[in-house]
Amino acid sequence: MTTRNLGIAESLREAIAEEMTRDERVFCIGEDIAVPGGWGGAFTVTLGLEKKFPDRMINTPIAELGFFGVACGAAMAGMRPIADVQYGDFLLLAADQIINNIAKMRYMSGGQISMPLVMRAPVGATGRGSQHAQNLERYFTGVPGLKVVAVSNAYDAKGMLKAAVRDDNPVMIFEHKLLYGSKGARFEPGAVDATSDIPDGDYTVPLGKAAVRREGSDVTILGWLLMLHYSLQAAERLAAEGISAEVIDVRSLSPLDLETIGASVRRTGRVVIVEEGPKTGGVSAEIAASVMEECGEYLRCPVRRVASADVPVPFTPVLENAYRPDVPRIVEAAREVMQF
Amino acid sequence: MTASHSAPRDIAWAANSDAPGFLLGLYERMVMIREFEDGVKFLFLEGIMPGTIHQCQGQEATAVGVCTALRTDDFITSTFRGHGHALAKGLSVQELLDELFGASTGCCKGKGGSMHVGNMAQGMVPGIAIVGGGIPVAAGLALAFKMQRTDRVAVSFFGDGAVAEGAFHEGVNMAAIWNLPVIFVCENNLYGASTHVSRVMRDTHVARRVGGSYGIRAEQIDGNDVLAVYEAAKTAVAQCRAGNGPVFLELLTYRLTGHSRRDPCHYQPKEEREEWTAQDPILRFGAALVKRGLIDDAGLEAVKSRVRRDFEAAVQVAQRQPLPTTNDLTTDVFA
């Protein structure tokens, strides 16, 4: 089988194009898409798709509440929209439609309605100050009726987007700005290589499943998006010290794949959860509590969280770097749990 | 609207509005809504019915006039005040009552309740109870209809209060720039909950503001004249089906009941309330029908009695319908 090495932006673009070709109900709706000479969304994901699908790339006014409502209505009427925001922070403008309508419509209609709607949002602290930087995962993982995933490599990005388009439920996909591409047009300081060898032909990656990215026996490190990459780097350093870390890409933030996570924790008995975003009220709190309920009796020591400080995202690089969990802090946390 | 204190004003007879069956059908549907709402209010105040209620006594002409101009496969979005829209769009008294009683036979299996009644097979999205929330959703339904190359139309019902929401501006603007087949129906009953429109709008002529701001046709209609509403809706529907939407209709009406629950409406001046009570849409249309010789007072009374009897029978049934089991708590979250 032949493969091509692609970054996340390119693999998402391929996935969208393939799904739009496969199913004419699929369309894109968002800001600054389908503008000739434009950007293809804030991060080039939809670049050029308007040439192939001139009628199914809906460029909207700057009206997140409105166009998420439009996507909601279109999904109810049998279309399969892919709605994206330029920055995850803007999801808060659309939160009424997402939380009150998109997530609840099936339930409060007594099962009459399907809501096949994909939502995409770039997150992560990247030198843009406080309002183009937040990790919004925490605000959506606790909403019944939503599936929430976070993609950390190009293979998953393509396969999970395709799975999301084919799912009859609303799916929120979080993407990280530092993972779209580490070379060329998408380069920015701090970008990490998240390219994958993408096979030719159709494939999907199931929603709802975590992935073991590195096997190990001493400690389970859980991360997603950029933190997954940092966790893998930490595992490499820990290996040099003789500590065998198992690294799991949580990937499905709602629902959590407690089967995969639990199986690992039962073997290692030690857990470090790494989250970009303030520690208080984060997704890692939910994961920690779930691990306690699922397999707490297997733990040899308390669960450790490595997360950001409880502050807004600062601009100046020295503070932003202090805000974002880094490899040394993950290594240190793993060393600490190894004391038990 | 200058409402006369004394007699109910005549209605706007249209050239083709002389089919007796059609006219009496409009009347009966309005009476059905009034009897439903009055009956439900009693059941609620007696503590027989759970939950909370937002009712539309006095606004029956808007729901019936608009929905009569629609096909079953046209869709409406509604609000927390949606009983009248539901009955006008073809939902049955029984499925609504069952829903209000929380029965599993209700239109939303008892999971929606009063504020979220709907039936997709009848072309009604469950009520969206966040003010303005249904406006962009209706635009989205219309976008789908357009992309699917059908001639279906979406209608969004909302109150004067929704005009202040960002969702209103965003939804109407997008419908306008994309020529979507959607009719925005603002039921201006002068109050957002207890707050009079004059406290929240510098210019209270909503249609003028919309027409001037969004580049779409916007019309202000006597919302207590069911035929005037119907004719305006029919024209708007034809415009949308021809690909020339959207259209905005402001229907001037008045709520003759509380905003919700036990609201005694002390914020509605007595004078104002009396004027509008005299222009009750059912009273007006009934009197007009009698004046035209299409029915007499005894006939009107017979309609009311028949409708009330049917309602009371439906209440008896609803109270015996099966309730959901606790197993149903976690179903219908995902497809």
# chains A, B, ... in the order shown; residues from 1 in each chain; ligands from 1

$ interface_residues --of "chain A" --to "chain B" --cutoff "9 Å" --atoms "only C-alpha atoms" --output "PyMOL selection string"
chain A and resi 25+55-56+60-79+96-97+100-101+103-115+144-146+167-170

$ residues_around --residues "region 216-230 of chain A" --least-positions-apart "6" --cutoff "6 Å" --atoms "only C-alpha atoms" --output "list of chain:residue names"
A:Val151, A:Ser152, A:Ser244, A:Ala245, A:Glu246, A:Val247, A:Ile248, A:Asp249, A:Val250, A:Arg251, A:Thr268, A:Arg270, A:Val271, A:Val272, A:Ile273, A:Val274, A:Val327

$ write_last_selection --atoms "N, CA, C and O atoms" --output "JSON list (two decimals), in the first residue's frame"
[["chain", "number", "residue", "atom", "x", "y", "z"],
["A", 151, "VAL", "N", -7.47, 15.46, 18.25],
["A", 151, "VAL", "CA", -6.59, 14.69, 17.36],
["A", 151, "VAL", "C", -5.15, 15.16, 17.48],
["A", 151, "VAL", "O", -4.87, 16.36, 17.47],
["A", 152, "SER", "N", -4.25, 14.19, 17.58],
["A", 152, "SER", "CA", -2.85, 14.55, 17.81],
["A", 152, "SER", "C", -1.94, 14.19, 16.65],
["A", 152, "SER", "O", -0.75, 14.48, 16.70],
["A", 244, "SER", "N", 9.94, 2.91, 32.81],
["A", 244, "SER", "CA", 9.19, 2.48, 31.63],
["A", 244, "SER", "C", 7.79, 3.10, 31.66],
["A", 244, "SER", "O", 6.93, 2.68, 32.43],
["A", 245, "ALA", "N", 7.59, 4.13, 30.83],
["A", 245, "ALA", "CA", 6.30, 4.84, 30.83],
["A", 245, "ALA", "C", 5.43, 4.36, 29.68],
["A", 245, "ALA", "O", 5.90, 4.23, 28.55],
["A", 246, "GLU", "N", 4.17, 4.10, 30.00],
["A", 246, "GLU", "CA", 3.18, 3.82, 28.96],
["A", 246, "GLU", "C", 2.47, 5.14, 28.66],
["A", 246, "GLU", "O", 2.00, 5.81, 29.57],
["A", 247, "VAL", "N", 2.42, 5.52, 27.39],
["A", 247, "VAL", "CA", 1.80, 6.79, 27.03],
["A", 247, "VAL", "C", 0.53, 6.53, 26.24],
["A", 247, "VAL", "O", 0.55, 5.84, 25.21],
["A", 248, "ILE", "N", -0.56, 7.09, 26.75],
["A", 248, "ILE", "CA", -1.86, 6.90, 26.09],
["A", 248, "ILE", "C", -2.36, 8.23, 25.56],
["A", 248, "ILE", "O", -2.37, 9.24, 26.28],
["A", 249, "ASP", "N", -2.75, 8.21, 24.30],
["A", 249, "ASP", "CA", -3.43, 9.35, 23.69],
["A", 249, "ASP", "C", -4.91, 9.21, 24.04],
["A", 249, "ASP", "O", -5.60, 8.34, 23.50],
["A", 250, "VAL", "N", -5.38, 10.03, 24.95],
["A", 250, "VAL", "CA", -6.76, 9.89, 25.43],
["A", 250, "VAL", "C", -7.73, 10.04, 24.25],
["A", 250, "VAL", "O", -8.72, 9.34, 24.12],
["A", 251, "ARG", "N", -7.45, 10.99, 23.37],
["A", 251, "ARG", "CA", -8.10, 11.12, 22.06],
["A", 251, "ARG", "C", -9.61, 11.31, 22.11],
["A", 251, "ARG", "O", -10.13, 12.23, 21.51],
["A", 268, "THR", "N", 0.19, -0.71, 35.60],
["A", 268, "THR", "CA", 1.25, 0.17, 36.11],
["A", 268, "THR", "C", 1.01, 0.63, 37.54],
["A", 268, "THR", "O", 1.95, 0.85, 38.30],
["A", 270, "ARG", "N", 0.27, 3.46, 38.47],
["A", 270, "ARG", "CA", 0.66, 4.87, 38.65],
["A", 270, "ARG", "C", 0.15, 5.68, 37.47],
["A", 270, "ARG", "O", 0.27, 5.24, 36.32],
["A", 271, "VAL", "N", -0.37, 6.86, 37.77],
["A", 271, "VAL", "CA", -0.99, 7.67, 36.70],
["A", 271, "VAL", "C", -0.53, 9.12, 36.77],
["A", 271, "VAL", "O", -0.57, 9.75, 37.83],
["A", 272, "VAL", "N", -0.10, 9.63, 35.63],
["A", 272, "VAL", "CA", 0.16, 11.06, 35.46],
["A", 272, "VAL", "C", -0.73, 11.54, 34.31],
["A", 272, "VAL", "O", -0.70, 10.96, 33.22],
["A", 273, "ILE", "N", -1.52, 12.57, 34.57],
["A", 273, "ILE", "CA", -2.38, 13.12, 33.52],
["A", 273, "ILE", "C", -1.85, 14.50, 33.14],
["A", 273, "ILE", "O", -1.60, 15.33, 34.02],
["A", 274, "VAL", "N", -1.67, 14.71, 31.85],
["A", 274, "VAL", "CA", -1.06, 15.96, 31.39],
["A", 274, "VAL", "C", -2.10, 16.74, 30.59],
["A", 274, "VAL", "O", -2.67, 16.23, 29.63],
["A", 327, "VAL", "N", 8.02, 19.28, 29.02],
["A", 327, "VAL", "CA", 8.58, 17.94, 29.19],
["A", 327, "VAL", "C", 9.23, 17.76, 30.57],
["A", 327, "VAL", "O", 8.99, 16.75, 31.25]]

$ atom_distance --atom1 "CA of Gly286 (chain B)" --atom2 "CA of Pro20 (chain B)"
12.6 Å

$ select_by_dssp --residues "region 182-217 of chain B" --states "alpha helix (DSSP H)" --output "PyMOL selection string"
chain B and resi 197-200+206-214

$ residues_around --residues "Pro199 (chain A)" --least-positions-apart "6" --cutoff "8 Å" --atoms "only C-alpha atoms" --output "number ranges by chain"
A: 1-4

$ residues_around --residues "region 210-222 of chain B" --least-positions-apart "3" --cutoff "7 Å" --atoms "only C-alpha atoms" --output "MDAnalysis selection string"
chainID B and resid 173 176 206:207 225 228:229 246:252

$ residues_around --residues "region 292-299 of chain B" --least-positions-apart "2" --cutoff "12 Å" --atoms "only C-alpha atoms" --output "mmCIF file with N, CA, C and O atoms, in the first residue's frame"
data_model
loop_
_atom_site.group_PDB
_atom_site.id
_atom_site.type_symbol
_atom_site.label_atom_id
_atom_site.label_comp_id
_atom_site.auth_asym_id
_atom_site.auth_seq_id
_atom_site.Cartn_x
_atom_site.Cartn_y
_atom_site.Cartn_z
ATOM 1 N N ASP B 10 -63.792 44.939 12.274
ATOM 2 C CA ASP B 10 -64.003 43.937 11.233
ATOM 3 C C ASP B 10 -62.636 43.397 10.814
ATOM 4 O O ASP B 10 -61.593 43.937 11.174
ATOM 5 N N ILE B 11 -62.681 42.352 10.055
ATOM 6 C CA ILE B 11 -61.422 41.785 9.577
ATOM 7 C C ILE B 11 -61.240 42.137 8.115
ATOM 8 O O ILE B 11 -62.153 42.626 7.459
ATOM 9 N N TRP B 13 -61.325 41.246 4.787
ATOM 10 C CA TRP B 13 -61.796 40.217 3.855
ATOM 11 C C TRP B 13 -60.972 40.303 2.571
ATOM 12 O O TRP B 13 -60.871 41.349 1.953
ATOM 13 N N SER B 17 -61.513 35.102 -0.068
ATOM 14 C CA SER B 17 -61.703 34.501 1.247
ATOM 15 C C SER B 17 -63.173 34.283 1.556
ATOM 16 O O SER B 17 -63.677 34.721 2.567
ATOM 17 N N ASP B 18 -63.849 33.608 0.655
ATOM 18 C CA ASP B 18 -65.271 33.416 0.896
ATOM 19 C C ASP B 18 -65.670 31.945 0.924
ATOM 20 O O ASP B 18 -66.850 31.617 0.881
ATOM 21 N N ALA B 19 -64.691 31.064 0.987
ATOM 22 C CA ALA B 19 -65.036 29.646 1.078
ATOM 23 C C ALA B 19 -65.438 29.338 2.513
ATOM 24 O O ALA B 19 -64.595 29.374 3.407
ATOM 25 N N PRO B 20 -66.705 29.064 2.743
ATOM 26 C CA PRO B 20 -67.194 28.918 4.128
ATOM 27 C C PRO B 20 -66.439 27.844 4.914
ATOM 28 O O PRO B 20 -66.089 28.057 6.079
ATOM 29 N N GLY B 21 -66.181 26.718 4.303
ATOM 30 C CA GLY B 21 -65.493 25.639 5.008
ATOM 31 C C GLY B 21 -64.123 26.077 5.489
ATOM 32 O O GLY B 21 -63.725 25.809 6.620
ATOM 33 N N PHE B 22 -63.431 26.797 4.613
ATOM 34 C CA PHE B 22 -62.091 27.278 4.951
ATOM 35 C C PHE B 22 -62.142 28.262 6.116
ATOM 36 O O PHE B 22 -61.387 28.168 7.084
ATOM 37 N N LEU B 23 -63.086 29.192 6.031
ATOM 38 C CA LEU B 23 -63.189 30.226 7.061
ATOM 39 C C LEU B 23 -63.589 29.631 8.406
ATOM 40 O O LEU B 23 -63.024 29.972 9.452
ATOM 41 N N LEU B 24 -64.554 28.728 8.371
ATOM 42 C CA LEU B 24 -64.976 28.100 9.618
ATOM 43 C C LEU B 24 -63.859 27.230 10.192
ATOM 44 O O LEU B 24 -63.730 27.092 11.407
ATOM 45 N N GLY B 25 -63.051 26.674 9.312
ATOM 46 C CA GLY B 25 -61.895 25.888 9.760
ATOM 47 C C GLY B 25 -60.904 26.755 10.522
ATOM 48 O O GLY B 25 -60.364 26.353 11.557
ATOM 49 N N TYR B 27 -61.616 29.451 12.120
ATOM 50 C CA TYR B 27 -62.254 29.797 13.391
ATOM 51 C C TYR B 27 -62.119 28.648 14.387
ATOM 52 O O TYR B 27 -61.715 28.838 15.539
ATOM 53 N N GLU B 28 -62.450 27.456 13.906
ATOM 54 C CA GLU B 28 -62.427 26.297 14.811
ATOM 55 C C GLU B 28 -61.023 26.039 15.364
ATOM 56 O O GLU B 28 -60.842 25.699 16.525
ATOM 57 N N LEU B 283 -63.040 36.523 19.048
ATOM 58 C CA LEU B 283 -64.246 37.352 19.097
ATOM 59 C C LEU B 283 -64.453 38.093 17.772
ATOM 60 O O LEU B 283 -65.545 38.113 17.197
ATOM 61 N N PHE B 285 -63.174 37.497 14.733
ATOM 62 C CA PHE B 285 -63.440 36.675 13.563
ATOM 63 C C PHE B 285 -64.834 36.064 13.637
ATOM 64 O O PHE B 285 -65.552 35.979 12.635
ATOM 65 N N GLY B 286 -65.235 35.663 14.867
ATOM 66 C CA GLY B 286 -66.586 35.121 15.045
ATOM 67 C C GLY B 286 -67.638 36.139 14.645
ATOM 68 O O GLY B 286 -68.569 35.835 13.890
ATOM 69 N N ALA B 287 -67.463 37.360 15.140
ATOM 70 C CA ALA B 287 -68.430 38.418 14.820
ATOM 71 C C ALA B 287 -68.456 38.685 13.322
ATOM 72 O O ALA B 287 -69.534 38.899 12.729
ATOM 73 N N ALA B 288 -67.293 38.644 12.700
ATOM 74 C CA ALA B 288 -67.226 38.896 11.264
ATOM 75 C C ALA B 288 -67.927 37.790 10.482
ATOM 76 O O ALA B 288 -68.613 38.047 9.489
ATOM 77 N N LEU B 289 -67.764 36.556 10.947
ATOM 78 C CA LEU B 289 -68.418 35.431 10.273
ATOM 79 C C LEU B 289 -69.934 35.539 10.397
ATOM 80 O O LEU B 289 -70.670 35.276 9.443
ATOM 81 N N VAL B 290 -70.369 35.946 11.577
ATOM 82 C CA VAL B 290 -71.814 36.097 11.796
ATOM 83 C C VAL B 290 -72.356 37.214 10.902
ATOM 84 O O VAL B 290 -73.384 37.065 10.237
ATOM 85 N N GLU B 301 -71.249 28.955 19.295
ATOM 86 C CA GLU B 301 -71.282 28.301 20.603
ATOM 87 C C GLU B 301 -71.119 26.784 20.440
ATOM 88 O O GLU B 301 -70.444 26.129 21.239
ATOM 89 N N ALA B 302 -71.714 26.263 19.369
ATOM 90 C CA ALA B 302 -71.629 24.813 19.131
ATOM 91 C C ALA B 302 -70.175 24.397 18.840
ATOM 92 O O ALA B 302 -69.720 23.338 19.276
ATOM 93 N N VAL B 303 -69.471 25.255 18.096
ATOM 94 C CA VAL B 303 -68.055 24.959 17.810
ATOM 95 C C VAL B 303 -67.290 24.866 19.120
ATOM 96 O O VAL B 303 -66.534 23.918 19.373
ATOM 97 N N LYS B 304 -67.519 25.851 19.971
ATOM 98 C CA LYS B 304 -66.822 25.905 21.251
ATOM 99 C C LYS B 304 -67.132 24.666 22.102
ATOM 100 O O LYS B 304 -66.233 24.057 22.684
ATOM 101 N N SER B 305 -68.408 24.309 22.142
ATOM 102 C CA SER B 305 -68.803 23.152 22.953
ATOM 103 C C SER B 305 -68.158 21.876 22.434
ATOM 104 O O SER B 305 -67.657 21.060 23.206
ATOM 105 N N ARG B 306 -68.167 21.722 21.118
ATOM 106 C CA ARG B 306 -67.588 20.514 20.522
ATOM 107 C C ARG B 306 -66.086 20.429 20.837
ATOM 108 O O ARG B 306 -65.576 19.394 21.250
#

$ select_by_dssp --residues "region 27-249 of chain A" --states "strand (DSSP E or B)" --output "ChimeraX atom specification"
/A:27-30,57-59,80-84,118-123,147-150,171-176,196-199,211-214,219-223,245-249

$ residues_around --residues "Thr105 (chain B)" --least-positions-apart "5" --cutoff "9 Å" --atoms "only C-alpha atoms" --output "VMD selection string"
chain B and resid 94 to 95 98 to 99 110 318 321 to 324

$ atom_distance --atom1 "CA of Val45 (chain A)" --atom2 "CA of Met57 (chain A)"
12.4 Å

$ residues_around --residues "Arg34 (chain B)" --least-positions-apart "2" --cutoff "9 Å" --atoms "only C-alpha atoms" --output "list in words"
Arg29, Met30, Val31, Met32, Phe36, Glu37, Asp38, Gly39, Cys56, Gln57, Gly58, Glu60, Gly84 and Ile282 of chain B

$ write_last_selection --atoms "N, CA, C and O atoms" --output "PDB file, in the first residue's frame"
ATOM      1  N   ARG B  29     -60.021  26.232  14.512  1.00  0.00           N
ATOM      2  CA  ARG B  29     -58.645  25.986  14.966  1.00  0.00           C
ATOM      3  C   ARG B  29     -58.243  26.997  16.052  1.00  0.00           C
ATOM      4  O   ARG B  29     -57.584  26.662  17.020  1.00  0.00           O
ATOM      5  N   MET B  30     -58.681  28.234  15.877  1.00  0.00           N
ATOM      6  CA  MET B  30     -58.387  29.236  16.912  1.00  0.00           C
ATOM      7  C   MET B  30     -59.093  28.883  18.221  1.00  0.00           C
ATOM      8  O   MET B  30     -58.519  29.013  19.308  1.00  0.00           O
ATOM      9  N   VAL B  31     -60.329  28.442  18.099  1.00  0.00           N
ATOM     10  CA  VAL B  31     -61.074  28.064  19.301  1.00  0.00           C
ATOM     11  C   VAL B  31     -60.415  26.858  19.974  1.00  0.00           C
ATOM     12  O   VAL B  31     -60.320  26.781  21.197  1.00  0.00           O
ATOM     13  N   MET B  32     -59.914  25.945  19.142  1.00  0.00           N
ATOM     14  CA  MET B  32     -59.241  24.765  19.692  1.00  0.00           C
ATOM     15  C   MET B  32     -58.039  25.191  20.540  1.00  0.00           C
ATOM     16  O   MET B  32     -57.816  24.672  21.641  1.00  0.00           O
ATOM     17  N   PHE B  36     -57.805  24.788  24.530  1.00  0.00           N
ATOM     18  CA  PHE B  36     -56.641  24.034  25.017  1.00  0.00           C
ATOM     19  C   PHE B  36     -55.920  24.835  26.097  1.00  0.00           C
ATOM     20  O   PHE B  36     -55.642  24.339  27.192  1.00  0.00           O
ATOM     21  N   GLU B  37     -55.642  26.086  25.796  1.00  0.00           N
ATOM     22  CA  GLU B  37     -54.891  26.915  26.736  1.00  0.00           C
ATOM     23  C   GLU B  37     -55.675  27.165  28.022  1.00  0.00           C
ATOM     24  O   GLU B  37     -55.116  27.084  29.122  1.00  0.00           O
ATOM     25  N   ASP B  38     -56.950  27.466  27.903  1.00  0.00           N
ATOM     26  CA  ASP B  38     -57.756  27.698  29.107  1.00  0.00           C
ATOM     27  C   ASP B  38     -57.851  26.419  29.940  1.00  0.00           C
ATOM     28  O   ASP B  38     -57.760  26.449  31.171  1.00  0.00           O
ATOM     29  N   GLY B  39     -58.027  25.309  29.247  1.00  0.00           N
ATOM     30  CA  GLY B  39     -58.131  24.031  29.948  1.00  0.00           C
ATOM     31  C   GLY B  39     -56.833  23.673  30.653  1.00  0.00           C
ATOM     32  O   GLY B  39     -56.820  23.223  31.803  1.00  0.00           O
ATOM     33  N   CYS B  56     -50.748  31.295  25.193  1.00  0.00           N
ATOM     34  CA  CYS B  56     -50.893  32.231  24.078  1.00  0.00           C
ATOM     35  C   CYS B  56     -52.328  32.716  23.886  1.00  0.00           C
ATOM     36  O   CYS B  56     -52.676  33.130  22.786  1.00  0.00           O
ATOM     37  N   GLN B  57     -53.140  32.690  24.942  1.00  0.00           N
ATOM     38  CA  GLN B  57     -54.494  33.227  24.787  1.00  0.00           C
ATOM     39  C   GLN B  57     -54.427  34.666  24.268  1.00  0.00           C
ATOM     40  O   GLN B  57     -53.698  35.494  24.817  1.00  0.00           O
ATOM     41  N   GLY B  58     -55.153  34.916  23.208  1.00  0.00           N
ATOM     42  CA  GLY B  58     -55.131  36.242  22.599  1.00  0.00           C
ATOM     43  C   GLY B  58     -54.273  36.308  21.355  1.00  0.00           C
ATOM     44  O   GLY B  58     -54.354  37.255  20.572  1.00  0.00           O
ATOM     45  N   GLU B  60     -54.024  33.674  19.082  1.00  0.00           N
ATOM     46  CA  GLU B  60     -54.349  32.507  18.255  1.00  0.00           C
ATOM     47  C   GLU B  60     -54.290  32.798  16.763  1.00  0.00           C
ATOM     48  O   GLU B  60     -53.996  31.921  15.947  1.00  0.00           O
ATOM     49  N   GLY B  84     -49.900  26.894  20.825  1.00  0.00           N
ATOM     50  CA  GLY B  84     -50.727  27.353  19.707  1.00  0.00           C
ATOM     51  C   GLY B  84     -50.085  27.033  18.367  1.00  0.00           C
ATOM     52  O   GLY B  84     -50.764  26.588  17.425  1.00  0.00           O
ATOM     53  N   ILE B 282     -60.514  35.826  18.314  1.00  0.00           N
ATOM     54  CA  ILE B 282     -61.603  34.859  18.130  1.00  0.00           C
ATOM     55  C   ILE B 282     -62.938  35.586  18.119  1.00  0.00           C
ATOM     56  O   ILE B 282     -63.807  35.343  17.272  1.00  0.00           O
TER      57      ILE B 282
END
